[in-house]
Amino acid sequence: QLQLVESGGGLVQPGGSLRLSCAVSGWPLNAFAIGWFRQAPGKEREGVSCISNNGRTTNYGDPVKGRFVISRDIDMNTMYLQMSSLQPEDTGIYYCAADVVADNNICSVLVANDYSNWGQGTQVTFSS
């Protein structure tokens, strides 16, 4: 059974950095596309970034382009999101999710419903 567990969230100040992790178990990470989504209070879930099954394709939502970097470690079966230049609007719960039916070398963060397996989320909060 495919399971995803996020970690790394916390309290940050504007301009700060965080690295989120998503530990995958049950399936090898190179068998499916995987991505990050976030949800702020009172807002809809938003796609942040994704990486294809073979790691050759990555995509980012417009608000995070140039600031966030997605990566993965196949040996550790873990995906990461390095977040830099964090802004208060980056506040929210960050979820990792797996798209187990994505075509080879394809990933998208446009449609959250494409992702069938989700972690429990990790909270990113800004301090004043």
# chains A, B, ... in the order shown; residues from 1 in each chain; ligands from 1
call {"tool": "residues_around", "arguments": {"residues": "Tyr60 (chain A)", "least_positions_apart": "4", "cutoff": "6 Å", "atoms": "only C-alpha atoms", "output": "PyMOL selection string"}}
result
chain A and resi 48-49+65
call {"tool": "select_by_dssp", "arguments": {"residues": "chain A", "states": "helix (DSSP H, G or I)", "output": "ChimeraX atom specification"}}
result
/A:29-31,62-64,88-90,112-114
call {"tool": "atom_distance", "arguments": {"atom1": "CA of Ser17 (chain A)", "atom2": "CA of Asn113 (chain A)"}}
result
28.6 Å
call {"tool": "closest_residue", "arguments": {"among": "A:Val111, A:Asp99, A:Val124, A:Ala33", "to": "Arg56 (chain A)", "atoms": "only C-alpha atoms"}}
result
A:Ala33
call {"tool": "closest_residue", "arguments": {"among": "A:Leu2, A:Ile106, A:Val101, A:Leu18", "to": "Thr57 (chain A)", "atoms": "only C-alpha atoms"}}
result
A:Ile106
call {"tool": "select_by_dssp", "arguments": {"residues": "region 14-82 of chain A", "states": "strand (DSSP E or B)", "output": "number ranges by chain"}}
result
A: 18-25, 33-39, 46-51, 58-60, 68-73, 78-82
call {"tool": "atom_distance", "arguments": {"atom1": "CA of Arg45 (chain A)", "atom2": "CA of Ala112 (chain A)"}}
result
7.7 Å
call {"tool": "residues_around", "arguments": {"residues": "Glu44 (chain A)", "least_positions_apart": "5", "cutoff": "12 Å", "atoms": "only C-alpha atoms", "output": "list in words"}}
result
Phe37, Arg38, Gln39, Gly92, Ile93, Val111 and Ala112 of chain A
call {"tool": "closest_residue", "arguments": {"among": "A:Val109, A:Leu11, A:Cys96, A:Met83", "to": "Val69 (chain A)", "atoms": "only C-alpha atoms"}}
result
A:Met83
call {"tool": "closest_residue", "arguments": {"among": "A:Asn53, A:Phe32, A:Thr91, A:Tyr80", "to": "Leu20 (chain A)", "atoms": "only C-alpha atoms"}}
result
A:Tyr80
call {"tool": "atom_distance", "arguments": {"atom1": "CA of Tyr94 (chain A)", "atom2": "CA of Ser108 (chain A)"}}
result
16.5 Å
call {"tool": "residues_around", "arguments": {"residues": "Ser127 (chain A)", "least_positions_apart": "6", "cutoff": "12 Å", "atoms": "only C-alpha atoms", "output": "list in words"}}
result
Gly10, Leu11, Val12, Gln13, Pro14, Gly15, Gly16, Leu86, Gln87, Pro88 and Thr91 of chain A
call {"tool": "residues_around", "arguments": {"residues": "Asp73 (chain A)", "least_positions_apart": "3", "cutoff": "10 Å", "atoms": "only C-alpha atoms", "output": "ChimeraX atom specification"}}
result
/A:23,29-30,55,76-80
call {"tool": "closest_residue", "arguments": {"among": "A:Gly66, A:Gly61, A:Gly42, A:Gly35", "to": "Ser116 (chain A)", "atoms": "only C-alpha atoms"}}
result
A:Gly35
call {"tool": "decode", "arguments": {"residues": "region 18-40 of chain A", "atoms": "N, CA and C atoms", "output": "compact mmCIF listing (two decimals), in the first residue's frame"}}
result
# COMPACT_ATOMS: atom_id res chain seq x y z
N LEU A 18 12.88 26.79 4.25
CA LEU A 18 12.52 25.51 4.86
C LEU A 18 12.68 24.43 3.82
N ARG A 19 12.95 23.21 4.29
CA ARG A 19 12.94 22.07 3.39
C ARG A 19 11.93 21.06 3.90
N LEU A 20 10.95 20.79 3.06
CA LEU A 20 9.95 19.77 3.38
C LEU A 20 10.39 18.43 2.79
N SER A 21 10.01 17.38 3.49
CA SER A 21 10.29 16.02 3.03
C SER A 21 9.00 15.23 2.92
N CYS A 22 8.99 14.30 1.98
CA CYS A 22 7.87 13.39 1.82
C CYS A 22 8.44 11.98 1.70
N ALA A 23 8.32 11.21 2.77
CA ALA A 23 8.81 9.83 2.76
C ALA A 23 7.75 8.91 2.18
N VAL A 24 8.15 8.13 1.20
CA VAL A 24 7.24 7.25 0.47
C VAL A 24 7.51 5.80 0.87
N SER A 25 6.44 5.05 1.10
CA SER A 25 6.59 3.63 1.38
C SER A 25 5.55 2.86 0.60
N GLY A 26 5.86 1.61 0.31
CA GLY A 26 4.91 0.74 -0.38
C GLY A 26 5.15 0.64 -1.88
N TRP A 27 5.60 1.72 -2.49
CA TRP A 27 5.90 1.74 -3.93
C TRP A 27 7.26 2.42 -4.11
N PRO A 28 7.99 2.05 -5.15
CA PRO A 28 9.23 2.79 -5.44
C PRO A 28 8.89 4.16 -6.01
N LEU A 29 9.68 5.15 -5.62
CA LEU A 29 9.39 6.53 -6.00
C LEU A 29 9.43 6.75 -7.50
N ASN A 30 10.18 5.92 -8.21
CA ASN A 30 10.28 6.13 -9.66
C ASN A 30 9.17 5.43 -10.44
N ALA A 31 8.13 5.00 -9.74
CA ALA A 31 7.01 4.33 -10.41
C ALA A 31 5.85 5.27 -10.71
N PHE A 32 5.90 6.51 -10.22
CA PHE A 32 4.74 7.40 -10.39
C PHE A 32 5.21 8.86 -10.29
N ALA A 33 4.34 9.73 -10.76
CA ALA A 33 4.56 11.16 -10.56
C ALA A 33 4.16 11.55 -9.14
N ILE A 34 4.81 12.53 -8.61
CA ILE A 34 4.55 12.94 -7.23
C ILE A 34 4.66 14.45 -7.14
N GLY A 35 3.85 15.04 -6.27
CA GLY A 35 3.85 16.48 -6.21
C GLY A 35 3.54 17.04 -4.84
N TRP A 36 3.62 18.35 -4.75
CA TRP A 36 3.29 19.11 -3.53
C TRP A 36 2.11 20.02 -3.82
N PHE A 37 1.19 20.05 -2.90
CA PHE A 37 0.07 20.97 -2.91
C PHE A 37 0.03 21.68 -1.56
N ARG A 38 -0.64 22.80 -1.52
CA ARG A 38 -0.79 23.51 -0.25
C ARG A 38 -2.19 24.09 -0.14
N GLN A 39 -2.59 24.31 1.10
CA GLN A 39 -3.90 24.91 1.35
C GLN A 39 -3.79 25.87 2.51
N ALA A 40 -4.12 27.11 2.23
CA ALA A 40 -4.15 28.15 3.26
C ALA A 40 -5.55 28.24 3.83
